[in-house]
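See structure below.
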Amino acid sequence: MGAMEVPETITCVDCGQPAHRLSHPPEEGWEIGDYVAYRCSGCNDRWDLVVCDEDAPPPFPSYASEFRALREERSAPPAPDS
Ligand SMILES: [Zn+2]
């Protein structure tokens, strides 16, 4: 398993200035779920990012499967009166 790439700087979404990384990489490299802290050089805000795998599928079901579930629900026979 390869180490994740973490940028030295990110762009602050508040003021647009570069934010420099505060955290030092672990000896074995960054891993998914690690927190990386940045300090903005403009507004001095701190940003904590979580290292994530961009290739990983989103953790929610796709619209297609959601739509299928909705159709199956609608086509199900009506519940008997209790
Ligand atoms: Zn800023």
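By order of appearance in the structure tokens: chains A, B, ..., then residues from 1 within every chain, and ligands from 1 in the order shown.
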Could you pull the residues within 7 Å of Glu31 of chain A, counting only C-alpha atoms, minus those fewer than 5 positions along the same chain, as a VMD selection string? chain A and resid 3 to 4 51
Write out as JSON lines the residues of chain A that have any atom within 10 Å of an atom of ligand 1, one row each with the nearest atom pair and its distance in Å to one decimal, counting only C-alpha atoms and all ligand atoms, sorted by chain and then rising number.
```
{"residue": "A:Thr11", "atom": "CA", "partner": "ligand 1", "partner_atom_place_in_ligand_line": "1 (Zn)", "distance": 7.9}
{"residue": "A:Cys12", "atom": "CA", "partner": "ligand 1", "partner_atom_place_in_ligand_line": "1 (Zn)", "distance": 4.6}
{"residue": "A:Val13", "atom": "CA", "partner": "ligand 1", "partner_atom_place_in_ligand_line": "1 (Zn)", "distance": 6.6}
{"residue": "A:Asp14", "atom": "CA", "partner": "ligand 1", "partner_atom_place_in_ligand_line": "1 (Zn)", "distance": 5.0}
{"residue": "A:Cys15", "atom": "CA", "partner": "ligand 1", "partner_atom_place_in_ligand_line": "1 (Zn)", "distance": 4.3}
{"residue": "A:Gly16", "atom": "CA", "partner": "ligand 1", "partner_atom_place_in_ligand_line": "1 (Zn)", "distance": 6.1}
{"residue": "A:Gln17", "atom": "CA", "partner": "ligand 1", "partner_atom_place_in_ligand_line": "1 (Zn)", "distance": 5.6}
{"residue": "A:Pro18", "atom": "CA", "partner": "ligand 1", "partner_atom_place_in_ligand_line": "1 (Zn)", "distance": 7.4}
{"residue": "A:Ala19", "atom": "CA", "partner": "ligand 1", "partner_atom_place_in_ligand_line": "1 (Zn)", "distance": 7.0}
{"residue": "A:Arg39", "atom": "CA", "partner": "ligand 1", "partner_atom_place_in_ligand_line": "1 (Zn)", "distance": 8.1}
{"residue": "A:Cys40", "atom": "CA", "partner": "ligand 1", "partner_atom_place_in_ligand_line": "1 (Zn)", "distance": 4.7}
{"residue": "A:Ser41", "atom": "CA", "partner": "ligand 1", "partner_atom_place_in_ligand_line": "1 (Zn)", "distance": 6.5}
{"residue": "A:Gly42", "atom": "CA", "partner": "ligand 1", "partner_atom_place_in_ligand_line": "1 (Zn)", "distance": 4.7}
{"residue": "A:Cys43", "atom": "CA", "partner": "ligand 1", "partner_atom_place_in_ligand_line": "1 (Zn)", "distance": 4.0}
{"residue": "A:Asn44", "atom": "CA", "partner": "ligand 1", "partner_atom_place_in_ligand_line": "1 (Zn)", "distance": 5.9}
{"residue": "A:Asp45", "atom": "CA", "partner": "ligand 1", "partner_atom_place_in_ligand_line": "1 (Zn)", "distance": 5.7}
{"residue": "A:Arg46", "atom": "CA", "partner": "ligand 1", "partner_atom_place_in_ligand_line": "1 (Zn)", "distance": 8.3}
{"residue": "A:Trp47", "atom": "CA", "partner": "ligand 1", "partner_atom_place_in_ligand_line": "1 (Zn)", "distance": 9.2}
```
Export of the given selection (C-alpha atoms) as a compact mmCIF listing (two decimals), in the first residue's frame:
```txt
# COMPACT_ATOMS: atom_id res chain seq x y z
CA THR A 11 -5.52 27.64 -0.97
CA CYS A 12 -7.53 29.17 1.83
CA VAL A 13 -11.19 29.18 0.87
CA ASP A 14 -11.79 32.27 3.00
CA CYS A 15 -9.21 34.73 1.69
CA GLY A 16 -7.57 32.93 -1.24
CA GLN A 17 -4.06 33.09 0.27
CA PRO A 18 -1.86 30.00 0.47
CA ALA A 19 -2.12 28.00 3.67
CA ARG A 39 -2.18 27.60 8.69
CA CYS A 40 -3.34 30.34 6.35
CA SER A 41 -0.73 33.02 5.62
CA GLY A 42 -3.49 35.55 4.96
CA CYS A 43 -6.19 35.34 7.63
CA ASN A 44 -4.20 33.03 9.96
CA ASP A 45 -7.04 30.52 10.06
CA ARG A 46 -6.25 26.89 10.75
CA TRP A 47 -7.53 24.20 8.43
```
Using only C-alpha atoms, pick whichever of A:Arg74, A:Tyr38, A:Ile32, A:Glu5 has the shortest atom-to-atom distance to Asp53 of chain A.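 Closest candidate: A:Ile32.
Across the model, the gap from atom CA of His24 of chain A to atom CA of Cys52 of chain A is 17.0 Å.
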Leaving out Ser23 of chain A and any residue of its chain fewer than 3 positions from it, which residues lie within 10 Å of it when counting only C-alpha atoms, given as a ChimeraX atom specification? /A:8,20,26,35-39,48
Report the distance between atom CA of Ile10 of chain A and atom CA of Val50 of chain A in Å, rounded to one decimal place.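 Taking atom CA of Ile10 of chain A as the start and atom CA of Val50 of chain A as the end point, the length is 13.0 Å.
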